[in-house]
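Peer 1: Sending over start-v2.cif (mmCIF, C-alpha atoms; chains and numbers go by the auth columns).
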```cif
data_start
#
loop_
_atom_site.group_PDB
_atom_site.id
_atom_site.type_symbol
_atom_site.label_atom_id
_atom_site.label_comp_id
_atom_site.label_asym_id
_atom_site.label_seq_id
_atom_site.Cartn_x
_atom_site.Cartn_y
_atom_site.Cartn_z
_atom_site.B_iso_or_equiv
_atom_site.auth_seq_id
_atom_site.auth_asym_id
ATOM 1 C CA MET A 1 9.847 -20.708 -3.510 0.00 1 A
ATOM 2 C CA VAL A 2 6.873 -21.056 -1.132 0.00 2 A
ATOM 3 C CA THR A 3 5.416 -17.807 0.185 0.00 3 A
ATOM 4 C CA HIS A 4 4.161 -17.915 3.765 0.00 4 A
ATOM 5 C CA ILE A 5 0.628 -16.595 4.167 0.00 5 A
ATOM 6 C CA ASP A 6 -0.250 -15.267 7.616 0.00 6 A
ATOM 7 C CA LYS A 7 -3.591 -16.283 9.067 0.00 7 A
ATOM 8 C CA PRO A 8 -6.049 -13.377 8.595 0.00 8 A
ATOM 9 C CA GLU A 9 -6.902 -11.603 11.833 0.00 9 A
ATOM 10 C CA LYS A 10 -10.633 -11.261 11.168 0.00 10 A
ATOM 11 C CA VAL A 11 -13.248 -13.437 9.538 0.00 11 A
ATOM 12 C CA VAL A 12 -16.736 -12.858 8.158 0.00 12 A
ATOM 13 C CA VAL A 13 -18.884 -15.992 7.842 0.00 13 A
ATOM 14 C CA ILE A 14 -22.130 -15.793 5.904 0.00 14 A
ATOM 15 C CA ALA A 15 -24.969 -18.287 5.471 0.00 15 A
ATOM 16 C CA ALA A 16 -27.933 -18.284 3.113 0.00 16 A
ATOM 17 C CA SER A 17 -30.497 -20.695 1.743 0.00 17 A
ATOM 18 C CA ALA A 18 -33.717 -19.960 -0.187 0.00 18 A
ATOM 19 C CA GLY A 19 -33.309 -16.660 -2.010 0.00 19 A
ATOM 20 C CA GLY A 20 -29.676 -16.596 -0.979 0.00 20 A
ATOM 21 C CA ILE A 21 -27.944 -16.072 -4.303 0.00 21 A
ATOM 22 C CA TYR A 22 -29.607 -12.700 -4.790 0.00 22 A
ATOM 23 C CA ALA A 23 -28.972 -11.737 -1.161 0.00 23 A
ATOM 24 C CA LEU A 24 -25.325 -12.813 -1.305 0.00 24 A
ATOM 25 C CA THR A 25 -24.803 -10.829 -4.493 0.00 25 A
ATOM 26 C CA GLN A 26 -26.277 -7.692 -2.945 0.00 26 A
ATOM 27 C CA VAL A 27 -24.049 -7.961 0.132 0.00 27 A
ATOM 28 C CA LEU A 28 -20.785 -9.180 -1.363 0.00 28 A
ATOM 29 C CA SER A 29 -20.794 -6.825 -4.353 0.00 29 A
ATOM 30 C CA LYS A 30 -20.711 -3.864 -1.944 0.00 30 A
ATOM 31 C CA LEU A 31 -17.607 -4.988 -0.048 0.00 31 A
ATOM 32 C CA ALA A 32 -14.436 -3.127 -1.018 0.00 32 A
ATOM 33 C CA CYS A 33 -11.420 -4.932 -2.456 0.00 33 A
ATOM 34 C CA ASN A 34 -9.306 -3.884 0.546 0.00 34 A
ATOM 35 C CA LEU A 35 -11.631 -5.323 3.215 0.00 35 A
ATOM 36 C CA PRO A 36 -9.298 -6.374 6.071 0.00 36 A
ATOM 37 C CA ALA A 37 -10.866 -9.777 6.616 0.00 37 A
ATOM 38 C CA VAL A 38 -11.428 -13.144 5.015 0.00 38 A
ATOM 39 C CA VAL A 39 -14.988 -14.049 3.958 0.00 39 A
ATOM 40 C CA VAL A 40 -16.329 -17.621 3.938 0.00 40 A
ATOM 41 C CA LEU A 41 -19.867 -18.399 2.892 0.00 41 A
ATOM 42 C CA VAL A 42 -22.307 -21.276 2.975 0.00 42 A
ATOM 43 C CA GLN A 43 -25.147 -21.388 0.444 0.00 43 A
ATOM 44 C CA HIS A 44 -27.495 -24.352 0.613 0.00 44 A
ATOM 45 C CA LEU A 45 -27.480 -25.956 -2.846 0.00 45 A
ATOM 46 C CA THR A 46 -28.378 -29.372 -4.207 0.00 46 A
ATOM 47 C CA ALA A 47 -25.447 -31.680 -3.496 0.00 47 A
ATOM 48 C CA ASP A 48 -25.541 -33.547 -6.815 0.00 48 A
ATOM 49 C CA HIS A 49 -24.980 -30.469 -8.970 0.00 49 A
ATOM 50 C CA LYS A 50 -21.659 -28.764 -9.662 0.00 50 A
ATOM 51 C CA THR A 51 -21.761 -25.201 -8.403 0.00 51 A
ATOM 52 C CA HIS A 52 -20.853 -22.159 -10.472 0.00 52 A
ATOM 53 C CA LEU A 53 -21.688 -19.721 -7.699 0.00 53 A
ATOM 54 C CA HIS A 54 -18.057 -18.660 -7.280 0.00 54 A
ATOM 55 C CA GLU A 55 -17.846 -17.788 -10.984 0.00 55 A
ATOM 56 C CA TYR A 56 -21.126 -15.887 -10.818 0.00 56 A
ATOM 57 C CA LEU A 57 -19.976 -13.870 -7.792 0.00 57 A
ATOM 58 C CA SER A 58 -16.525 -13.246 -9.290 0.00 58 A
ATOM 59 C CA ARG A 59 -18.111 -11.178 -12.040 0.00 59 A
ATOM 60 C CA ARG A 60 -19.962 -9.025 -9.508 0.00 60 A
ATOM 61 C CA CYS A 61 -17.541 -8.523 -6.614 0.00 61 A
ATOM 62 C CA PHE A 62 -14.485 -6.365 -6.005 0.00 62 A
ATOM 63 C CA LEU A 63 -13.008 -9.027 -3.714 0.00 63 A
ATOM 64 C CA ARG A 64 -11.421 -12.117 -5.225 0.00 64 A
ATOM 65 C CA VAL A 65 -13.781 -15.097 -5.151 0.00 65 A
ATOM 66 C CA CYS A 66 -12.776 -18.760 -5.232 0.00 66 A
ATOM 67 C CA LEU A 67 -14.277 -22.164 -4.558 0.00 67 A
ATOM 68 C CA ALA A 68 -13.359 -23.677 -1.210 0.00 68 A
ATOM 69 C CA LYS A 69 -10.814 -26.528 -1.339 0.00 69 A
ATOM 70 C CA ASN A 70 -9.602 -28.785 1.427 0.00 70 A
ATOM 71 C CA GLY A 71 -6.348 -27.504 2.938 0.00 71 A
ATOM 72 C CA LEU A 72 -6.494 -24.154 1.143 0.00 72 A
ATOM 73 C CA PRO A 73 -4.837 -21.387 3.218 0.00 73 A
ATOM 74 C CA LEU A 74 -7.083 -18.476 4.101 0.00 74 A
ATOM 75 C CA GLU A 75 -6.109 -15.109 2.619 0.00 75 A
ATOM 76 C CA GLN A 76 -7.340 -11.694 3.637 0.00 76 A
ATOM 77 C CA GLY A 77 -9.533 -10.031 1.019 0.00 77 A
ATOM 78 C CA VAL A 78 -10.768 -13.297 -0.492 0.00 78 A
ATOM 79 C CA ILE A 79 -14.283 -14.773 -0.540 0.00 79 A
ATOM 80 C CA TYR A 80 -14.410 -18.571 -0.261 0.00 80 A
ATOM 81 C CA VAL A 81 -17.568 -20.284 -1.518 0.00 81 A
ATOM 82 C CA SER A 82 -18.666 -23.597 -0.003 0.00 82 A
ATOM 83 C CA VAL A 83 -18.885 -26.775 -2.080 0.00 83 A
ATOM 84 C CA PRO A 84 -22.286 -28.512 -2.285 0.00 84 A
ATOM 85 C CA GLY A 85 -22.357 -31.767 -0.318 0.00 85 A
ATOM 86 C CA HIS A 86 -19.383 -30.840 1.909 0.00 86 A
ATOM 87 C CA HIS A 87 -19.181 -29.112 5.258 0.00 87 A
ATOM 88 C CA VAL A 88 -16.497 -26.429 5.466 0.00 88 A
ATOM 89 C CA ARG A 89 -14.588 -25.587 8.654 0.00 89 A
ATOM 90 C CA LEU A 90 -11.796 -23.198 9.544 0.00 90 A
ATOM 91 C CA LYS A 91 -8.767 -24.664 11.275 0.00 91 A
ATOM 92 C CA GLY A 92 -5.270 -23.283 11.738 0.00 92 A
ATOM 93 C CA GLY A 93 -5.687 -20.661 9.041 0.00 93 A
ATOM 94 C CA HIS A 94 -6.878 -23.205 6.468 0.00 94 A
ATOM 95 C CA LEU A 95 -10.127 -24.557 5.037 0.00 95 A
ATOM 96 C CA VAL A 96 -11.179 -28.077 5.947 0.00 96 A
ATOM 97 C CA LEU A 97 -13.775 -29.784 3.742 0.00 97 A
ATOM 98 C CA GLU A 98 -15.501 -32.955 4.879 0.00 98 A
ATOM 99 C CA ARG A 99 -18.523 -34.994 3.930 0.00 99 A
ATOM 100 C CA GLY A 100 -19.791 -35.834 7.410 0.00 100 A
ATOM 101 C CA LYS A 101 -23.450 -36.167 8.315 0.00 101 A
ATOM 102 C CA PRO A 102 -25.916 -33.401 7.451 0.00 102 A
ATOM 103 C CA VAL A 103 -26.410 -30.868 10.234 0.00 103 A
ATOM 104 C CA ASN A 104 -29.853 -29.240 10.427 0.00 104 A
ATOM 105 C CA TYR A 105 -30.665 -31.476 7.420 0.00 105 A
ATOM 106 C CA VAL A 106 -28.131 -29.669 5.234 0.00 106 A
ATOM 107 C CA ARG A 107 -24.548 -30.080 4.064 0.00 107 A
ATOM 108 C CA PRO A 108 -22.781 -27.656 4.009 0.00 108 A
ATOM 109 C CA SER A 109 -24.143 -26.344 7.294 0.00 109 A
ATOM 110 C CA ALA A 110 -23.797 -22.834 8.691 0.00 110 A
ATOM 111 C CA ASP A 111 -23.529 -24.270 12.187 0.00 111 A
ATOM 112 C CA VAL A 112 -20.407 -26.236 11.233 0.00 112 A
ATOM 113 C CA LEU A 113 -18.727 -23.221 9.621 0.00 113 A
ATOM 114 C CA PHE A 114 -19.795 -20.645 12.204 0.00 114 A
ATOM 115 C CA ALA A 115 -18.814 -22.804 15.192 0.00 115 A
ATOM 116 C CA SER A 116 -15.344 -23.328 13.742 0.00 116 A
ATOM 117 C CA ALA A 117 -14.993 -19.582 13.126 0.00 117 A
ATOM 118 C CA ALA A 118 -15.940 -18.880 16.736 0.00 118 A
ATOM 119 C CA ARG A 119 -13.299 -21.329 17.968 0.00 119 A
ATOM 120 C CA GLU A 120 -10.559 -20.075 15.636 0.00 120 A
ATOM 121 C CA TYR A 121 -11.209 -16.327 15.602 0.00 121 A
ATOM 122 C CA GLY A 122 -13.249 -15.644 18.754 0.00 122 A
ATOM 123 C CA SER A 123 -14.077 -11.958 19.113 0.00 123 A
ATOM 124 C CA LYS A 124 -12.688 -11.256 15.635 0.00 124 A
ATOM 125 C CA THR A 125 -15.672 -13.025 14.022 0.00 125 A
ATOM 126 C CA VAL A 126 -18.671 -11.513 12.241 0.00 126 A
ATOM 127 C CA GLY A 127 -21.486 -13.985 11.571 0.00 127 A
ATOM 128 C CA VAL A 128 -24.222 -13.121 9.058 0.00 128 A
ATOM 129 C CA ILE A 129 -27.504 -14.988 8.552 0.00 129 A
ATOM 130 C CA LEU A 130 -29.301 -14.155 5.323 0.00 130 A
ATOM 131 C CA THR A 131 -32.599 -15.323 3.856 0.00 131 A
ATOM 132 C CA GLY A 132 -33.388 -19.030 4.091 0.00 132 A
ATOM 133 C CA THR A 133 -35.668 -21.713 5.474 0.00 133 A
ATOM 134 C CA GLY A 134 -34.984 -23.828 8.570 0.00 134 A
ATOM 135 C CA ARG A 135 -32.827 -22.865 11.537 0.00 135 A
ATOM 136 C CA ASP A 136 -29.287 -23.495 10.334 0.00 136 A
ATOM 137 C CA GLY A 137 -26.881 -21.057 11.992 0.00 137 A
ATOM 138 C CA ALA A 138 -28.946 -20.209 15.071 0.00 138 A
ATOM 139 C CA CYS A 139 -26.938 -22.306 17.532 0.00 139 A
ATOM 140 C CA SER A 140 -23.549 -21.293 16.160 0.00 140 A
ATOM 141 C CA CYS A 141 -24.453 -17.596 16.224 0.00 141 A
ATOM 142 C CA GLN A 142 -24.831 -18.076 19.969 0.00 142 A
ATOM 143 C CA GLU A 143 -21.283 -19.474 20.000 0.00 143 A
ATOM 144 C CA ILE A 144 -19.972 -16.452 18.099 0.00 144 A
ATOM 145 C CA LYS A 145 -21.615 -14.110 20.600 0.00 145 A
ATOM 146 C CA ALA A 146 -20.298 -16.131 23.537 0.00 146 A
ATOM 147 C CA LYS A 147 -16.755 -15.682 22.179 0.00 147 A
ATOM 148 C CA GLY A 148 -17.230 -11.935 21.848 0.00 148 A
ATOM 149 C CA GLY A 149 -17.950 -11.818 18.120 0.00 149 A
ATOM 150 C CA VAL A 150 -20.805 -9.955 16.432 0.00 150 A
ATOM 151 C CA THR A 151 -23.819 -11.346 14.572 0.00 151 A
ATOM 152 C CA ILE A 152 -26.129 -9.895 11.929 0.00 152 A
ATOM 153 C CA ALA A 153 -29.452 -11.138 10.535 0.00 153 A
ATOM 154 C CA GLN A 154 -31.380 -9.988 7.478 0.00 154 A
ATOM 155 C CA ASP A 155 -34.744 -8.500 8.394 0.00 155 A
ATOM 156 C CA GLU A 156 -38.095 -10.040 7.516 0.00 156 A
ATOM 157 C CA GLU A 157 -39.123 -7.332 5.063 0.00 157 A
ATOM 158 C CA THR A 158 -36.213 -8.003 2.697 0.00 158 A
ATOM 159 C CA SER A 159 -35.935 -11.787 3.184 0.00 159 A
ATOM 160 C CA SER A 160 -37.385 -14.169 0.618 0.00 160 A
ATOM 161 C CA SER A 161 -37.628 -16.729 3.422 0.00 161 A
ATOM 162 C CA PHE A 162 -37.355 -15.554 7.010 0.00 162 A
ATOM 163 C CA GLY A 163 -36.861 -18.965 8.646 0.00 163 A
ATOM 164 C CA MET A 164 -33.103 -18.848 9.257 0.00 164 A
ATOM 165 C CA PRO A 165 -32.909 -15.222 10.377 0.00 165 A
ATOM 166 C CA LYS A 166 -35.989 -15.644 12.574 0.00 166 A
ATOM 167 C CA ALA A 167 -34.609 -18.757 14.286 0.00 167 A
ATOM 168 C CA ALA A 168 -31.359 -16.968 15.119 0.00 168 A
ATOM 169 C CA ILE A 169 -33.185 -13.869 16.364 0.00 169 A
ATOM 170 C CA GLU A 170 -35.522 -15.930 18.548 0.00 170 A
ATOM 171 C CA ALA A 171 -32.494 -17.758 19.991 0.00 171 A
ATOM 172 C CA ASN A 172 -31.214 -14.356 21.187 0.00 172 A
ATOM 173 C CA ALA A 173 -28.174 -14.921 18.987 0.00 173 A
ATOM 174 C CA ILE A 174 -28.293 -11.760 16.862 0.00 174 A
ATOM 175 C CA ASP A 175 -26.869 -8.323 17.584 0.00 175 A
ATOM 176 C CA TYR A 176 -28.095 -6.439 14.503 0.00 176 A
ATOM 177 C CA VAL A 177 -31.260 -7.012 12.442 0.00 177 A
ATOM 178 C CA LEU A 178 -30.885 -5.092 9.204 0.00 178 A
ATOM 179 C CA PRO A 179 -32.432 -4.749 5.743 0.00 179 A
ATOM 180 C CA LEU A 180 -30.401 -6.328 2.968 0.00 180 A
ATOM 181 C CA ASP A 181 -29.016 -3.062 1.600 0.00 181 A
ATOM 182 C CA GLU A 182 -27.455 -2.113 4.967 0.00 182 A
ATOM 183 C CA ILE A 183 -25.656 -5.356 5.769 0.00 183 A
ATOM 184 C CA ALA A 184 -22.508 -4.751 3.699 0.00 184 A
ATOM 185 C CA GLY A 185 -22.017 -1.375 5.352 0.00 185 A
ATOM 186 C CA LYS A 186 -22.373 -2.861 8.820 0.00 186 A
ATOM 187 C CA ILE A 187 -19.872 -5.631 7.983 0.00 187 A
ATOM 188 C CA THR A 188 -17.396 -3.039 6.747 0.00 188 A
ATOM 189 C CA ASP A 189 -17.828 -0.858 9.846 0.00 189 A
ATOM 190 C CA LEU A 190 -17.366 -3.781 12.213 0.00 190 A
ATOM 191 C CA VAL A 191 -14.284 -5.093 10.445 0.00 191 A
ATOM 192 C CA ARG A 192 -12.590 -1.719 10.023 0.00 192 A
ATOM 193 C CA LYS A 193 -13.353 -0.395 13.501 0.00 193 A
ATOM 194 C CA GLY A 194 -12.389 -3.637 15.187 0.00 194 A
ATOM 195 C CA VAL A 195 -14.667 -6.615 15.729 0.00 195 A
ATOM 196 C CA GLY A 196 -14.912 -7.404 19.400 0.00 196 A
ATOM 197 C CA LYS A 197 -14.336 -3.818 20.575 0.00 197 A
ATOM 198 C CA LYS A 198 -17.864 -3.616 21.893 0.00 198 A
ATOM 199 C CA THR A 199 -18.130 -0.446 23.934 0.00 199 A
ATOM 200 C CA ARG A 200 -21.858 -0.190 23.342 0.00 200 A
ATOM 201 C CA LYS A 201 -23.447 -2.841 21.178 0.00 201 A
ATOM 202 C CA VAL A 202 -27.187 -2.682 20.618 0.00 202 A
ATOM 203 C CA LYS A 203 -29.712 -4.383 18.386 0.00 203 A
ATOM 204 C CA GLU A 204 -30.570 -2.361 15.325 0.00 204 A
ATOM 205 C CA LYS A 205 -33.572 -2.242 13.064 0.00 205 A
ATOM 206 C CA SER A 206 -33.473 0.260 10.248 0.00 206 A
ATOM 207 C CA ARG A 207 -36.364 2.723 10.084 0.00 207 A
ATOM 208 C CA ARG A 208 -37.625 3.286 6.613 0.00 208 A
#
```
Transcribe the structure of this file into structure tokens.
Peer 2:
Amino acid sequence: MVTHIDKPEKVVVIAASAGGIYALTQVLSKLACNLPAVVVLVQHLTADHKTHLHEYLSRRCFLRVCLAKNGLPLEQGVIYVSVPGHHVRLKGGHLVLERGKPVNYVRPSADVLFASAAREYGSKTVGVILTGTGRDGACSCQEIKAKGGVTIAQDEETSSSFGMPKAAIEANAIDYVLPLDEIAGKITDLVRKGVGKKTRKVKEKSRR
């Protein structure tokens, strides 16, 4: 008997590069097991090596973690980890993996994932740019904002490499600039209170 799985109503897409494994662990390990959203992440890794990132995160997260597979249906409360050497997109409540050409010199690319999330989920999208070099994710964060979604960037003080967050901030594509230890809380608040219900949305920078 095949069980029908409804498409989750909200999505959190996260991208990281240099220093990203530590940053991802700090954010994802603080998300509760009943988070009412699906989480899909891109971590820039060498394409010719098999990744064990999903296994590493599984031991540290309350949410279920699995490796992204082509055609896999999206389930609420699950973290899907990108596969090195493959772009990942969201389409019709499923994951789509494809080789394609590198975007921003990387594959998987945050811009590919984030743009698909903006198209599929619109104002129900939270986009998060963590530590990393380059500018992957900057353009697609603009798309998320244009669709009514919300974007977050890790601040410079807590980033190992500030290239990706800085590029997105300078593109006027970020709503909240936060230190690493505050990002999980902001994701939870946005998802639980209703992404897209923006009565008064302002840029934030934590004062320490």
Peer 1: Could you check how far atom CA of A:Phe162 sits from atom CA of A:Leu95, in Å to one decimal?
Peer 2: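 Atom CA of A:Leu95 lies at a distance of 28.7 Å from atom CA of A:Phe162.
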Peer 1: Rank nothing, just name the residue among A:Pro73, A:Ser29, A:Val83, A:Gly20 nearest to A:Ala47, using all atoms listed in the file.
Peer 2: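 Ranking A:Pro73, A:Ser29, A:Val83, A:Gly20 by distance to A:Ala47, first place goes to A:Val83.
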Peer 1: Nearest residue to A:His44 out of A:Gly92, A:Gly122, A:Pro108, A:Gly194, using all atoms listed in the file?
Peer 2: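 Smallest separation from A:His44 among the options: A:Pro108.
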Peer 1: Could you expand the PyMOL selection byres ((chain A and resi 125-135) around 6) into the explicit residues it covers here, written as a ChimeraX atom specification?
Peer 2: /A:11-18,20,121-124,136,138,149-154,159-165,167
Peer 1: What do you get, as a ChimeraX atom specification, if you spell out every residue that the PyMOL selection byres ((chain A and resi 191) around 12) selects here?
Peer 2: /A:8-12,31-32,34-39,76-77,123-127,149-150,184-190,192-197
Peer 1: Using only C-alpha atoms, list the residues that have an atom at most 6 Å from (-23.6, -24.4, 15.2), coordinates as in the file, as a PyMOL selection string.
Peer 2: chain A and resi 111-112+115+137+139-140
Peer 1: Just the selected residues (C-alpha atoms), exported as an mmCIF file, in the coordinates of the input, please.
Peer 2:
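What ended up in result-v8.cif:
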```cif
data_model
loop_
_atom_site.group_PDB
_atom_site.id
_atom_site.type_symbol
_atom_site.label_atom_id
_atom_site.label_comp_id
_atom_site.auth_asym_id
_atom_site.auth_seq_id
_atom_site.Cartn_x
_atom_site.Cartn_y
_atom_site.Cartn_z
ATOM 1 C CA ASP A 111 -23.529 -24.270 12.187
ATOM 2 C CA VAL A 112 -20.407 -26.236 11.233
ATOM 3 C CA ALA A 115 -18.814 -22.804 15.192
ATOM 4 C CA GLY A 137 -26.881 -21.057 11.992
ATOM 5 C CA CYS A 139 -26.938 -22.306 17.532
ATOM 6 C CA SER A 140 -23.549 -21.293 16.160
#
```
Peer 1: Determine, counting all atoms listed in the file, which protein, DNA and RNA residues have an atom within 10 Å of an atom of A:Pro102; residues of the same chain fewer than 2 positions away are not included. Present the result as an mmCIF file with C-alpha atoms, in the frame of the given file.
Peer 2:
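Below you can see out11.cif, which holds the result:
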```
data_model
loop_
_atom_site.group_PDB
_atom_site.id
_atom_site.type_symbol
_atom_site.label_atom_id
_atom_site.label_comp_id
_atom_site.auth_asym_id
_atom_site.auth_seq_id
_atom_site.Cartn_x
_atom_site.Cartn_y
_atom_site.Cartn_z
ATOM 1 C CA GLY A 85 -22.357 -31.767 -0.318
ATOM 2 C CA HIS A 86 -19.383 -30.840 1.909
ATOM 3 C CA HIS A 87 -19.181 -29.112 5.258
ATOM 4 C CA ARG A 99 -18.523 -34.994 3.930
ATOM 5 C CA GLY A 100 -19.791 -35.834 7.410
ATOM 6 C CA ASN A 104 -29.853 -29.240 10.427
ATOM 7 C CA TYR A 105 -30.665 -31.476 7.420
ATOM 8 C CA VAL A 106 -28.131 -29.669 5.234
ATOM 9 C CA ARG A 107 -24.548 -30.080 4.064
ATOM 10 C CA PRO A 108 -22.781 -27.656 4.009
ATOM 11 C CA SER A 109 -24.143 -26.344 7.294
ATOM 12 C CA VAL A 112 -20.407 -26.236 11.233
#
```
Peer 1: Pick from A:Thr51, A:Thr46, A:Ser82, A:Thr158: nearest to A:Ala68, with only C-alpha atoms counted?
Peer 2: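 Looking at the shortest contact to A:Ala68, the residue is A:Ser82.
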Peer 1: Would you mind putting N, CA and C atoms back on stretch 8-26 of chain A and writing the result as a CSV table (one decimal), in the coordinates of the input?
Peer 2:
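As written to disk, selection.csv reads:
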```csv
chain,number,residue,atom,x,y,z
A,8,PRO,N,-5.4,-14.7,8.5
A,8,PRO,CA,-6.0,-13.4,8.6
A,8,PRO,C,-6.5,-13.2,10.0
A,9,GLU,N,-6.5,-11.9,10.5
A,9,GLU,CA,-6.9,-11.6,11.8
A,9,GLU,C,-8.4,-11.6,12.1
A,10,LYS,N,-9.2,-11.4,11.0
A,10,LYS,CA,-10.6,-11.3,11.2
A,10,LYS,C,-11.3,-12.1,10.1
A,11,VAL,N,-12.5,-12.6,10.5
A,11,VAL,CA,-13.2,-13.4,9.5
A,11,VAL,C,-14.7,-13.0,9.5
A,12,VAL,N,-15.3,-13.1,8.3
A,12,VAL,CA,-16.7,-12.9,8.2
A,12,VAL,C,-17.3,-14.2,7.6
A,13,VAL,N,-18.2,-14.8,8.3
A,13,VAL,CA,-18.9,-16.0,7.8
A,13,VAL,C,-20.3,-15.7,7.5
A,14,ILE,N,-20.8,-16.1,6.4
A,14,ILE,CA,-22.1,-15.8,5.9
A,14,ILE,C,-22.9,-17.1,5.5
A,15,ALA,N,-24.2,-17.1,5.8
A,15,ALA,CA,-25.0,-18.3,5.5
A,15,ALA,C,-26.3,-17.8,4.8
A,16,ALA,N,-26.7,-18.6,3.8
A,16,ALA,CA,-27.9,-18.3,3.1
A,16,ALA,C,-28.5,-19.6,2.6
A,17,SER,N,-29.8,-19.5,2.3
A,17,SER,CA,-30.5,-20.7,1.7
A,17,SER,C,-31.5,-20.2,0.7
A,18,ALA,N,-32.7,-20.4,0.8
A,18,ALA,CA,-33.7,-20.0,-0.2
A,18,ALA,C,-33.6,-18.5,-0.4
A,19,GLY,N,-33.5,-18.1,-1.7
A,19,GLY,CA,-33.3,-16.7,-2.0
A,19,GLY,C,-31.9,-16.1,-1.8
A,20,GLY,N,-31.0,-17.0,-1.4
A,20,GLY,CA,-29.7,-16.6,-1.0
A,20,GLY,C,-28.8,-16.1,-2.0
A,21,ILE,N,-28.9,-16.5,-3.3
A,21,ILE,CA,-27.9,-16.1,-4.3
A,21,ILE,C,-28.1,-14.6,-4.6
A,22,TYR,N,-29.4,-14.1,-4.6
A,22,TYR,CA,-29.6,-12.7,-4.8
A,22,TYR,C,-29.1,-11.9,-3.6
A,23,ALA,N,-29.4,-12.4,-2.4
A,23,ALA,CA,-29.0,-11.7,-1.2
A,23,ALA,C,-27.4,-11.7,-1.1
A,24,LEU,N,-26.8,-12.8,-1.3
A,24,LEU,CA,-25.3,-12.8,-1.3
A,24,LEU,C,-24.7,-11.8,-2.3
A,25,THR,N,-25.3,-11.8,-3.5
A,25,THR,CA,-24.8,-10.8,-4.5
A,25,THR,C,-24.9,-9.4,-4.0
A,26,GLN,N,-26.1,-9.1,-3.4
A,26,GLN,CA,-26.3,-7.7,-2.9
A,26,GLN,C,-25.3,-7.3,-1.8
```
